[in-house]
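S.K.: Following this line is start-v7.cif, made up of mmCIF, C-alpha atoms:
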```
data_target
#
loop_
_atom_site.label_atom_id
_atom_site.label_comp_id
_atom_site.auth_asym_id
_atom_site.auth_seq_id
_atom_site.Cartn_x
_atom_site.Cartn_y
_atom_site.Cartn_z
CA TYR P 1313 162.20 -22.83 24.20
CA LYS P 1314 165.36 -24.67 25.27
CA ASP P 1315 163.24 -27.73 26.12
CA ASP P 1316 163.18 -30.45 23.48
CA ASP P 1317 159.45 -30.01 22.92
CA GLY P 1318 159.31 -26.23 23.39
CA TRP P 1319 157.66 -24.12 20.69
CA PRO P 1320 158.45 -26.37 17.71
CA ASP P 1321 156.77 -23.96 15.30
CA LEU P 1322 158.81 -20.90 16.28
CA ILE P 1323 161.72 -21.21 13.85
CA PRO P 1324 159.48 -22.10 10.87
CA PHE P 1325 157.36 -19.06 11.78
CA ILE P 1326 160.42 -16.81 11.89
CA LEU P 1327 161.64 -18.09 8.55
CA LYS P 1328 158.19 -17.49 7.07
CA MET P 1329 158.44 -13.91 8.29
CA SER P 1330 161.63 -13.55 6.27
CA THR P 1331 159.49 -13.24 3.15
CA SER P 1332 157.67 -10.20 4.55
CA ASN P 1333 158.16 -6.91 2.76
CA HIS P 1334 157.22 -4.94 5.86
CA PRO P 1335 160.30 -3.65 7.77
CA SER P 1336 158.53 -3.70 11.15
CA GLN P 1337 157.74 -7.42 10.80
CA THR P 1338 161.31 -8.04 9.72
CA THR P 1339 162.63 -6.16 12.75
CA ALA P 1340 160.48 -8.17 15.17
CA SER P 1341 161.44 -11.54 13.69
CA LEU P 1342 165.16 -10.72 13.61
CA THR P 1343 164.99 -9.66 17.25
CA LEU P 1344 163.73 -13.17 17.97
CA VAL P 1345 166.61 -14.63 15.96
CA ALA P 1346 169.15 -12.72 18.05
CA THR P 1347 167.54 -13.95 21.27
CA ILE P 1348 167.45 -17.57 20.13
CA ALA P 1349 171.06 -17.37 18.91
CA GLU P 1350 172.13 -16.12 22.34
CA TYR P 1351 170.26 -18.64 24.47
CA ALA P 1352 169.52 -21.64 22.24
CA MET P 1353 171.93 -21.69 19.31
CA GLU P 1354 171.79 -25.47 19.10
CA LYS P 1355 168.09 -25.17 18.26
CA LEU P 1356 168.88 -23.00 15.25
CA LYS P 1357 171.61 -25.41 14.12
CA SER P 1358 169.36 -28.44 14.57
CA HIS P 1359 166.80 -27.23 12.03
CA LYS P 1360 168.10 -28.31 8.64
CA GLY P 1361 168.91 -25.39 6.37
CA THR P 1362 168.02 -22.76 8.96
CA LEU P 1363 171.48 -21.15 9.16
CA GLU P 1364 171.71 -21.01 5.37
CA LYS P 1365 168.31 -19.32 5.14
CA LEU P 1366 169.21 -16.86 7.90
CA HIS P 1367 172.47 -16.06 6.11
CA GLY P 1368 170.65 -15.20 2.91
CA TRP P 1369 167.96 -13.24 4.74
CA ILE P 1370 170.38 -11.15 6.80
CA GLY P 1371 172.58 -10.51 3.78
CA LYS P 1372 169.58 -9.27 1.80
CA ILE P 1373 168.54 -6.88 4.56
CA LEU P 1374 172.04 -5.46 4.93
CA GLN P 1375 171.98 -4.58 1.23
CA MET P 1376 168.70 -2.66 1.42
CA ASN P 1377 168.83 0.98 0.39
CA VAL P 1378 168.15 3.14 3.45
CA ASP P 1379 167.10 6.08 1.31
CA GLY P 1380 164.86 3.94 -0.84
CA GLY P 1381 162.14 4.15 1.75
CA GLY P 1382 159.89 1.22 0.99
CA ARG P 1383 157.01 0.40 3.28
CA GLY P 1384 157.49 2.17 6.57
CA GLY P 1385 160.02 4.67 5.24
CA GLY P 1386 163.80 4.97 5.55
CA LYS P 1387 163.88 4.91 9.34
CA ALA P 1388 161.94 1.64 9.37
CA VAL P 1389 164.53 0.17 7.02
CA VAL P 1390 167.31 1.27 9.37
CA LEU P 1391 165.51 -0.38 12.30
CA ALA P 1392 165.35 -3.62 10.31
CA GLN P 1393 169.03 -3.36 9.44
CA VAL P 1394 170.00 -2.72 13.06
CA ALA P 1395 168.00 -5.80 14.06
CA ALA P 1396 169.75 -7.81 11.33
CA ILE P 1397 173.14 -6.64 12.59
CA LYS P 1398 172.29 -7.60 16.15
CA ALA P 1399 171.20 -11.02 14.95
CA LEU P 1400 174.36 -11.40 12.87
CA VAL P 1401 176.65 -10.43 15.73
CA GLN P 1402 174.87 -12.74 18.17
CA ILE P 1403 175.10 -15.62 15.70
CA LEU P 1404 178.83 -14.99 15.32
CA MET P 1405 179.23 -14.87 19.10
CA SER P 1406 177.44 -18.21 19.45
CA LEU P 1407 179.27 -20.09 16.67
CA LYS P 1408 182.79 -21.45 17.03
CA PRO P 1409 185.05 -18.85 15.37
CA ASP P 1410 186.81 -21.40 13.15
CA SER P 1411 183.64 -23.20 12.02
CA PRO P 1412 182.40 -23.08 8.39
CA PRO P 1413 179.11 -21.38 9.40
CA ALA P 1414 181.06 -18.65 11.22
CA ALA P 1415 183.21 -18.10 8.13
CA ALA P 1416 180.08 -17.77 5.99
CA PHE P 1417 178.41 -15.28 8.32
CA GLY P 1418 181.73 -13.46 8.74
CA LYS P 1419 181.56 -12.47 5.09
CA LEU P 1420 178.56 -10.29 5.93
CA VAL P 1421 180.45 -8.22 8.50
CA GLY P 1422 181.48 -5.54 6.00
CA GLY P 1423 177.83 -4.57 5.68
CA ILE P 1424 177.77 -3.54 9.34
CA PHE P 1425 180.23 -0.73 8.75
CA LYS P 1426 178.63 0.44 5.52
CA ILE P 1427 175.34 0.84 7.36
CA THR P 1428 177.10 2.48 10.31
CA ALA P 1429 178.61 5.02 7.91
CA ASP P 1430 175.18 5.70 6.37
CA VAL P 1431 173.51 6.13 9.77
CA SER P 1432 176.30 8.40 11.04
CA ARG P 1433 175.37 10.89 8.34
CA LYS P 1434 171.78 11.05 9.51
CA ASP P 1435 170.07 12.38 12.61
CA MET P 1436 169.75 8.90 14.16
CA ASP P 1437 172.04 8.95 17.18
CA ASP P 1438 170.22 6.20 19.07
CA ARG P 1439 170.60 3.81 16.16
CA LEU P 1440 174.22 4.83 15.73
CA LEU P 1441 174.90 4.00 19.37
CA GLU P 1442 173.45 0.52 18.84
CA LEU P 1443 175.62 0.00 15.77
CA LEU P 1444 178.79 1.21 17.49
CA THR P 1445 178.05 -1.10 20.42
CA GLN P 1446 177.74 -4.07 18.05
CA SER P 1447 180.98 -3.01 16.33
CA MET P 1448 182.76 -2.94 19.68
CA THR P 1449 181.50 -6.46 20.44
CA LEU P 1450 183.02 -7.75 17.21
CA VAL P 1451 186.32 -5.93 17.68
CA VAL P 1452 186.73 -7.31 21.20
CA ASN P 1453 185.50 -10.85 20.58
CA ARG P 1454 185.99 -11.62 16.87
CA PHE P 1455 188.89 -9.40 15.88
CA ASN P 1456 190.25 -11.71 13.18
CA MET P 1457 187.00 -11.29 11.28
CA ILE P 1458 187.30 -7.52 11.13
CA LEU P 1459 191.09 -7.28 10.81
CA PRO P 1460 191.04 -6.98 6.99
CA LEU P 1461 188.52 -4.14 7.36
CA SER P 1462 190.41 -2.32 10.12
CA PRO P 1463 191.82 0.54 7.95
CA LYS P 1464 188.32 1.46 6.74
CA ILE P 1465 186.85 1.00 10.22
CA ILE P 1466 189.46 3.35 11.69
CA ASP P 1467 188.68 5.99 9.07
CA LEU P 1468 184.97 5.63 9.81
CA MET P 1469 185.49 5.95 13.57
CA VAL P 1470 187.63 9.08 13.11
CA SER P 1471 184.87 10.56 10.94
CA ILE P 1472 182.28 9.87 13.64
CA ALA P 1473 184.51 11.23 16.41
CA MET P 1474 185.30 14.43 14.52
CA ASN P 1475 182.37 15.27 12.28
CA GLY P 1476 179.17 13.49 13.21
CA ASN P 1477 176.07 13.67 11.04
CA SER P 1478 175.33 16.17 8.31
CA GLU P 1479 172.69 17.87 10.47
CA GLY P 1480 175.23 18.86 13.08
CA SER P 1481 177.12 16.54 15.34
CA CYS P 1482 176.89 13.07 16.83
CA THR P 1483 176.27 12.82 20.53
CA PRO P 1484 179.37 13.04 22.73
CA GLU P 1485 178.72 9.45 23.82
CA ASN P 1486 178.93 8.19 20.24
CA LYS P 1487 182.06 10.20 19.55
CA ARG P 1488 183.77 8.80 22.64
CA LEU P 1489 182.73 5.27 21.74
CA ALA P 1490 184.19 5.70 18.26
CA LEU P 1491 187.57 6.60 19.79
CA SER P 1492 187.33 3.62 22.13
CA ILE P 1493 186.81 1.30 19.16
CA ILE P 1494 190.02 2.64 17.60
CA VAL P 1495 191.86 1.91 20.85
CA GLN P 1496 190.57 -1.66 20.89
CA ILE P 1497 191.66 -2.17 17.28
CA ALA P 1498 195.11 -0.83 18.16
CA SER P 1499 195.41 -3.12 21.18
CA ARG P 1500 194.69 -6.22 19.09
CA GLY P 1501 196.20 -5.36 15.73
CA ARG P 1502 199.07 -3.05 16.58
CA SER P 1503 201.53 -4.62 14.14
CA ASN P 1504 198.94 -4.46 11.36
CA ILE P 1505 197.87 -0.85 11.76
CA LYS P 1506 200.96 1.01 12.95
CA THR P 1507 202.04 1.68 9.36
CA LEU P 1508 198.66 3.08 8.30
CA PRO P 1509 198.98 6.72 7.15
CA SER P 1510 195.71 7.51 8.96
CA ILE P 1511 197.37 6.97 12.35
CA GLN P 1512 199.56 10.05 11.85
CA LYS P 1513 197.18 11.97 9.63
CA SER P 1514 193.87 11.66 11.46
CA VAL P 1515 193.77 9.31 14.48
CA ILE P 1516 196.26 11.18 16.69
CA PRO P 1517 194.86 14.64 15.77
CA ALA P 1518 191.33 13.36 16.51
CA ALA P 1519 192.31 12.11 19.97
CA PHE P 1520 194.31 15.30 20.61
CA SER P 1521 191.27 17.43 19.76
CA PHE P 1522 189.41 15.86 22.69
CA LEU P 1523 191.99 17.36 25.07
CA LYS P 1524 190.69 20.79 24.11
CA LYS P 1525 187.20 19.99 25.39
CA VAL P 1526 187.63 21.44 28.87
CA GLU P 1527 184.97 23.81 30.10
CA MET P 1528 185.23 23.88 33.91
CA GLU P 1529 185.79 27.33 35.37
CA VAL P 1530 189.01 27.84 37.31
CA ASP P 1531 187.29 28.29 40.69
CA GLU P 1532 185.32 25.07 40.33
CA TRP P 1533 188.36 23.23 38.96
CA ALA P 1534 190.57 24.43 41.83
CA ASP P 1535 188.10 23.18 44.42
CA ARG P 1536 188.17 19.63 43.06
CA GLY P 1537 191.26 17.49 43.38
CA SER P 1538 191.40 15.61 40.05
CA ALA P 1539 188.85 17.71 38.25
CA ASP P 1540 190.47 17.32 34.81
CA PHE P 1541 189.35 13.74 34.61
CA GLU P 1542 185.78 14.60 35.56
CA GLU P 1543 185.47 16.21 32.14
CA GLU P 1544 184.53 13.17 30.12
CA ASP P 1545 185.72 14.16 26.64
CA PHE P 1546 189.08 15.25 28.03
CA ARG P 1547 189.44 11.99 29.96
CA VAL P 1548 188.73 9.90 26.86
CA GLY P 1549 191.22 11.95 24.84
CA MET P 1550 193.93 11.39 27.45
CA GLU P 1551 193.22 7.67 27.67
CA THR P 1552 193.19 7.31 23.89
CA LEU P 1553 196.58 9.02 23.49
CA ASP P 1554 198.02 7.05 26.40
CA TYR P 1555 196.87 3.69 25.03
CA LEU P 1556 197.88 4.46 21.45
CA SER P 1557 201.31 5.54 22.62
CA CYS P 1558 201.78 2.24 24.46
CA TYR P 1559 200.20 -0.01 21.81
CA LEU P 1560 201.79 1.52 18.72
CA GLY P 1561 205.18 2.46 20.19
CA ALA P 1562 207.10 5.70 20.30
CA GLU P 1563 208.45 5.49 16.74
CA THR P 1564 204.94 5.33 15.32
CA PHE P 1565 203.07 7.50 17.78
CA PHE P 1566 205.27 10.39 18.87
CA PRO P 1567 205.97 12.03 15.47
CA GLY P 1568 202.22 12.47 15.00
CA LEU P 1569 201.87 14.14 18.38
CA TRP P 1570 205.04 16.22 18.02
CA ARG P 1571 203.74 17.91 14.88
CA LEU P 1572 200.75 19.22 16.83
CA LEU P 1573 202.69 20.77 19.71
CA PRO P 1574 204.26 23.99 18.29
CA ALA P 1575 200.90 25.39 17.19
CA ALA P 1576 199.33 24.36 20.50
CA PHE P 1577 202.01 26.00 22.64
CA SER P 1578 201.95 29.24 20.66
CA SER P 1579 198.16 29.52 20.56
CA LYS P 1580 196.34 32.41 22.25
CA ASN P 1581 193.63 29.96 23.28
CA TRP P 1582 194.43 28.54 26.73
CA ARG P 1583 192.70 25.26 25.86
CA GLU P 1584 195.16 24.71 23.03
CA ARG P 1585 198.16 25.32 25.28
CA HIS P 1586 196.64 23.10 27.97
CA ALA P 1587 196.05 20.34 25.38
CA GLY P 1588 199.67 20.46 24.20
CA LEU P 1589 200.99 20.05 27.74
CA MET P 1590 198.57 17.30 28.66
CA GLY P 1591 199.31 15.51 25.38
CA ILE P 1592 202.92 15.17 26.53
CA CYS P 1593 201.67 13.77 29.83
CA ALA P 1594 199.50 11.24 28.02
CA ALA P 1595 202.42 10.09 25.87
CA SER P 1596 204.98 9.95 28.66
CA GLU P 1597 204.73 6.22 29.32
CA GLY P 1598 204.64 4.83 25.80
CA SER P 1599 206.87 7.45 24.18
CA ALA P 1600 209.50 8.03 26.86
CA SER P 1601 212.37 7.22 24.50
CA LYS P 1602 211.27 9.80 21.92
CA ILE P 1603 210.46 12.41 24.56
CA SER P 1604 214.02 12.11 25.88
CA GLU P 1605 215.31 12.92 22.38
CA HIS P 1606 213.30 16.15 22.39
CA LEU P 1607 213.98 17.33 25.93
CA GLN P 1608 215.67 20.60 24.96
CA PRO P 1609 212.86 21.99 22.81
CA LEU P 1610 210.26 20.61 25.23
CA VAL P 1611 211.85 22.39 28.16
CA LYS P 1612 211.97 25.55 26.05
CA PHE P 1613 208.24 25.21 25.41
CA ILE P 1614 207.17 24.22 28.90
CA VAL P 1615 209.20 26.12 31.48
CA PRO P 1616 208.04 29.65 30.54
CA LEU P 1617 204.42 28.50 30.90
CA ILE P 1618 204.92 27.51 34.54
CA ASN P 1619 205.22 31.10 35.75
CA LYS P 1620 204.09 33.27 32.88
CA ASP P 1621 200.95 31.72 31.45
CA PRO P 1622 197.90 33.79 32.42
CA HIS P 1623 195.65 30.76 32.94
CA ALA P 1624 195.88 28.66 36.10
CA ARG P 1625 195.01 25.40 34.36
CA VAL P 1626 197.83 25.89 31.86
CA ARG P 1627 200.30 26.63 34.65
CA TRP P 1628 199.18 23.49 36.46
CA ALA P 1629 199.51 21.41 33.26
CA ALA P 1630 203.05 22.78 32.71
CA LEU P 1631 204.06 21.70 36.22
CA ASN P 1632 202.39 18.34 35.68
#
```
I'd like the structure from this file rewritten - as structure tokens, please.
M.R.:
Amino acid sequence: YKDDDGWPDLIPFILKMSTSNHPSQTTASLTLVATIAEYAMEKLKSHKGTLEKLHGWIGKILQMNVDGGGRGGGKAVVLAQVAAIKALVQILMSLKPDSPPAAAFGKLVGGIFKITADVSRKDMDDRLLELLTQSMTLVVNRFNMILPLSPKIIDLMVSIAMNGNSEGSCTPENKRLALSIIVQIASRGRSNIKTLPSIQKSVIPAAFSFLKKVEMEVDEWADRGSADFEEEDFRVGMETLDYLSCYLGAETFFPGLWRLLPAAFSSKNWRERHAGLMGICAASEGSASKISEHLQPLVKFIVPLINKDPHARVRWAALN
């Protein structure tokens, strides 16, 4: 298709498909759009009016009501919307960020997160993974486009990490990816998000909760050198707290963690005590200045656990 005379009827055919009311046809044609945008963007730009028509088409699909059903049912609509989002993201990746077409398509980005929120409340984990992956691509490569939306995106990612869909829970992979998106937002927009109330209220508690997801029995854990970090949820929680501590700074980060520690240290659940100790470890690089201000109460919390805690993993964490 990159050849000058290759498949001249393809783009007109795709645009004709945009008038279809059948979600499966829409999905197939938008998949073609994403592929062309990735490998032959100049072809799309060379057809007069094509980008404008694609903009209107994608925008219309993003506004479709998932629960409205239509031909093919609600899941078929979601498939079409996921395809539209993939096409939108690939178009944005292929356009110069400061170009007028990129600015026009950038105005559609908010629809990605509305649909992601809708899908996260349904039993559609595969589709949610696709949407989170596209969100990560935008955060990493086109952060300025999503910066105004970052407070709402952070709230959405916390909701996915903590609650999942109404039928039960998102997959662990989706929950971990949601936390990773928050980390990427923090790394690029630290000065813009450090004053958000949600950082203290929900982001730090969400990451801290992942430290409690340790299941390995003591015998198995003792036989493996760095076994803590083989438990994936725990590892992601540690990395999230570590990165947030460094990106947001001690003044922003540590008060949110500090509020969680007394209840953790006094809990009868060994996972809670272990999480409190490992949370301090995770924050030690980025929050060293604030930790030094709290040495006396920290020592009071930690030292008795070294010898007296009944669980070996807690004793190890206290020494660590």
S.K.: For this file, the PyMOL selection byres ((chain P and resi 1541-1551) around 10) selects which residues, as a PDB file with C-alpha atoms, in the frame of the given file?
M.R.:
```pdb
ATOM      1  CA  PRO P1484     179.370  13.040  22.730  1.00  0.00           C
ATOM      2  CA  GLU P1485     178.720   9.450  23.820  1.00  0.00           C
ATOM      3  CA  LYS P1487     182.060  10.200  19.550  1.00  0.00           C
ATOM      4  CA  ARG P1488     183.770   8.800  22.640  1.00  0.00           C
ATOM      5  CA  LEU P1489     182.730   5.270  21.740  1.00  0.00           C
ATOM      6  CA  LEU P1491     187.570   6.600  19.790  1.00  0.00           C
ATOM      7  CA  SER P1492     187.330   3.620  22.130  1.00  0.00           C
ATOM      8  CA  VAL P1495     191.860   1.910  20.850  1.00  0.00           C
ATOM      9  CA  ILE P1516     196.260  11.180  16.690  1.00  0.00           C
ATOM     10  CA  ALA P1518     191.330  13.360  16.510  1.00  0.00           C
ATOM     11  CA  ALA P1519     192.310  12.110  19.970  1.00  0.00           C
ATOM     12  CA  PHE P1520     194.310  15.300  20.610  1.00  0.00           C
ATOM     13  CA  SER P1521     191.270  17.430  19.760  1.00  0.00           C
ATOM     14  CA  PHE P1522     189.410  15.860  22.690  1.00  0.00           C
ATOM     15  CA  LEU P1523     191.990  17.360  25.070  1.00  0.00           C
ATOM     16  CA  LYS P1524     190.690  20.790  24.110  1.00  0.00           C
ATOM     17  CA  LYS P1525     187.200  19.990  25.390  1.00  0.00           C
ATOM     18  CA  VAL P1526     187.630  21.440  28.870  1.00  0.00           C
ATOM     19  CA  GLU P1527     184.970  23.810  30.100  1.00  0.00           C
ATOM     20  CA  MET P1528     185.230  23.880  33.910  1.00  0.00           C
ATOM     21  CA  TRP P1533     188.360  23.230  38.960  1.00  0.00           C
ATOM     22  CA  ARG P1536     188.170  19.630  43.060  1.00  0.00           C
ATOM     23  CA  GLY P1537     191.260  17.490  43.380  1.00  0.00           C
ATOM     24  CA  SER P1538     191.400  15.610  40.050  1.00  0.00           C
ATOM     25  CA  ALA P1539     188.850  17.710  38.250  1.00  0.00           C
ATOM     26  CA  ASP P1540     190.470  17.320  34.810  1.00  0.00           C
ATOM     27  CA  THR P1552     193.190   7.310  23.890  1.00  0.00           C
ATOM     28  CA  LEU P1553     196.580   9.020  23.490  1.00  0.00           C
ATOM     29  CA  ASP P1554     198.020   7.050  26.400  1.00  0.00           C
ATOM     30  CA  TYR P1555     196.870   3.690  25.030  1.00  0.00           C
ATOM     31  CA  LEU P1556     197.880   4.460  21.450  1.00  0.00           C
ATOM     32  CA  SER P1557     201.310   5.540  22.620  1.00  0.00           C
ATOM     33  CA  ALA P1587     196.050  20.340  25.380  1.00  0.00           C
ATOM     34  CA  MET P1590     198.570  17.300  28.660  1.00  0.00           C
ATOM     35  CA  GLY P1591     199.310  15.510  25.380  1.00  0.00           C
ATOM     36  CA  ILE P1592     202.920  15.170  26.530  1.00  0.00           C
ATOM     37  CA  CYS P1593     201.670  13.770  29.830  1.00  0.00           C
ATOM     38  CA  ALA P1594     199.500  11.240  28.020  1.00  0.00           C
ATOM     39  CA  ALA P1595     202.420  10.090  25.870  1.00  0.00           C
TER      40      ALA P1595
END
```
S.K.: Quick one: which residues end up in the PyMOL selection byres ((chain P and resi 1370) around 12) for this structure, as a ChimeraX atom specification?
M.R.: /P:1327,1330-1331,1338-1339,1341-1343,1345-1346,1363-1369,1371-1376,1392-1401,1403,1416-1421,1423-1424
S.K.: With C-alpha atoms kept, could you save the residues just selected as a PDB file, keeping the file's coordinate frame?
M.R.:
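File produced: out23.pdb:
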```pdb
ATOM      1  CA  LEU P1327     161.640 -18.090   8.550  1.00  0.00           C
ATOM      2  CA  SER P1330     161.630 -13.550   6.270  1.00  0.00           C
ATOM      3  CA  THR P1331     159.490 -13.240   3.150  1.00  0.00           C
ATOM      4  CA  THR P1338     161.310  -8.040   9.720  1.00  0.00           C
ATOM      5  CA  THR P1339     162.630  -6.160  12.750  1.00  0.00           C
ATOM      6  CA  SER P1341     161.440 -11.540  13.690  1.00  0.00           C
ATOM      7  CA  LEU P1342     165.160 -10.720  13.610  1.00  0.00           C
ATOM      8  CA  THR P1343     164.990  -9.660  17.250  1.00  0.00           C
ATOM      9  CA  VAL P1345     166.610 -14.630  15.960  1.00  0.00           C
ATOM     10  CA  ALA P1346     169.150 -12.720  18.050  1.00  0.00           C
ATOM     11  CA  LEU P1363     171.480 -21.150   9.160  1.00  0.00           C
ATOM     12  CA  GLU P1364     171.710 -21.010   5.370  1.00  0.00           C
ATOM     13  CA  LYS P1365     168.310 -19.320   5.140  1.00  0.00           C
ATOM     14  CA  LEU P1366     169.210 -16.860   7.900  1.00  0.00           C
ATOM     15  CA  HIS P1367     172.470 -16.060   6.110  1.00  0.00           C
ATOM     16  CA  GLY P1368     170.650 -15.200   2.910  1.00  0.00           C
ATOM     17  CA  TRP P1369     167.960 -13.240   4.740  1.00  0.00           C
ATOM     18  CA  GLY P1371     172.580 -10.510   3.780  1.00  0.00           C
ATOM     19  CA  LYS P1372     169.580  -9.270   1.800  1.00  0.00           C
ATOM     20  CA  ILE P1373     168.540  -6.880   4.560  1.00  0.00           C
ATOM     21  CA  LEU P1374     172.040  -5.460   4.930  1.00  0.00           C
ATOM     22  CA  GLN P1375     171.980  -4.580   1.230  1.00  0.00           C
ATOM     23  CA  MET P1376     168.700  -2.660   1.420  1.00  0.00           C
ATOM     24  CA  ALA P1392     165.350  -3.620  10.310  1.00  0.00           C
ATOM     25  CA  GLN P1393     169.030  -3.360   9.440  1.00  0.00           C
ATOM     26  CA  VAL P1394     170.000  -2.720  13.060  1.00  0.00           C
ATOM     27  CA  ALA P1395     168.000  -5.800  14.060  1.00  0.00           C
ATOM     28  CA  ALA P1396     169.750  -7.810  11.330  1.00  0.00           C
ATOM     29  CA  ILE P1397     173.140  -6.640  12.590  1.00  0.00           C
ATOM     30  CA  LYS P1398     172.290  -7.600  16.150  1.00  0.00           C
ATOM     31  CA  ALA P1399     171.200 -11.020  14.950  1.00  0.00           C
ATOM     32  CA  LEU P1400     174.360 -11.400  12.870  1.00  0.00           C
ATOM     33  CA  VAL P1401     176.650 -10.430  15.730  1.00  0.00           C
ATOM     34  CA  ILE P1403     175.100 -15.620  15.700  1.00  0.00           C
ATOM     35  CA  ALA P1416     180.080 -17.770   5.990  1.00  0.00           C
ATOM     36  CA  PHE P1417     178.410 -15.280   8.320  1.00  0.00           C
ATOM     37  CA  GLY P1418     181.730 -13.460   8.740  1.00  0.00           C
ATOM     38  CA  LYS P1419     181.560 -12.470   5.090  1.00  0.00           C
ATOM     39  CA  LEU P1420     178.560 -10.290   5.930  1.00  0.00           C
ATOM     40  CA  VAL P1421     180.450  -8.220   8.500  1.00  0.00           C
ATOM     41  CA  GLY P1423     177.830  -4.570   5.680  1.00  0.00           C
ATOM     42  CA  ILE P1424     177.770  -3.540   9.340  1.00  0.00           C
TER      43      ILE P1424
END
```
S.K.: Please report the interatomic distance between CA of Thr1362 (chain P) and CA of Ile1326 (chain P) in Å with one decimal.
M.R.: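 A separation of 10.1 Å between them.
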S.K.: So, counting all atoms listed in the file, which residue among P:Ile1472, P:Met1353, P:Leu1391, P:Cys1558 is closest to Lys1408 (chain P)?
M.R.: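 Comparing P:Ile1472, P:Met1353, P:Leu1391, P:Cys1558 against Lys1408 (chain P), the winner is P:Met1353.
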S.K.: Rounded to one decimal in Å, what is the spacing between CA of Ala1415 (chain P) and CA of Ser1332 (chain P)?
M.R.: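 CA of Ser1332 (chain P) lies at a distance of 27.0 Å from CA of Ala1415 (chain P).
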S.K.: Check the smallest atom-to-atom distance from each of P:Val1431, P:Gly1561, P:Glu1529, P:Thr1445 to Ala1498 (chain P) using all atoms listed in the file, then report the winner.
M.R.: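 Checking each candidate against Ala1498 (chain P), we get P:Gly1561 as the closest.
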S.K.: Between P:Phe1565, P:Trp1582, P:Phe1425, P:Phe1613, which has the minimum distance to Met1469 (chain P) (counting all atoms listed in the file)?
M.R.: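 The answer is P:Phe1425, which sits nearest to Met1469 (chain P).
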S.K.: Convert the output of the PyMOL selection byres ((chain P and resi 1468) around 12) on the shown file into explicit residues, formatted as number ranges by chain.
M.R.: P: 1424-1433, 1444, 1447, 1461-1467, 1469-1476, 1487, 1490-1491, 1493-1494, 1510, 1514-1515
S.K.: What does the distance from CA of Arg1502 (chain P) to CA of Glu1563 (chain P) come to in Å, to one decimal?
M.R.: 12.7 Å
S.K.: When you count only C-alpha atoms, which of these residues is closest to Thr1564 (chain P): P:Gln1496, P:Asn1333, P:Thr1507, P:Asn1581?
M.R.: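 Using only C-alpha atoms, Thr1564 (chain P) sits closest to P:Thr1507.
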S.K.: Here is a test: counting only C-alpha atoms, which residue of P:Gln1512, P:Asn1504, P:Ser1358, P:Ser1596 is nearest to Arg1571 (chain P)?
M.R.: P:Gln1512
S.K.: Can you tell me, as a ChimeraX atom specification, what residues are no more than 12 Å from Val1615 (chain P) when counting all atoms listed in the file, ignoring any on the same chain fewer than 3 positions away?
M.R.: /P:1577,1589,1607-1612,1618-1621,1626-1632
S.K.: May I ask which of the residues P:Met1436, P:Ala1349, P:Leu1573, P:Ile1323 is the closest one to Met1405 (chain P), counting only C-alpha atoms?
M.R.: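 Between P:Met1436, P:Ala1349, P:Leu1573, P:Ile1323, the residue approaching Met1405 (chain P) most closely is P:Ala1349.
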S.K.: Mind working out the centre and edge lengths of an axis-aligned box for region 1404-1412 of chain P, all listed atoms inside, 6 Å added to each side, rounded to one decimal in Å and written as AutoDock Vina command-line options?
M.R.:
```
--center_x 182.1 --center_y -19.0 --center_z 13.9 --size_x 21.4 --size_y 20.3 --size_z 23.1
```
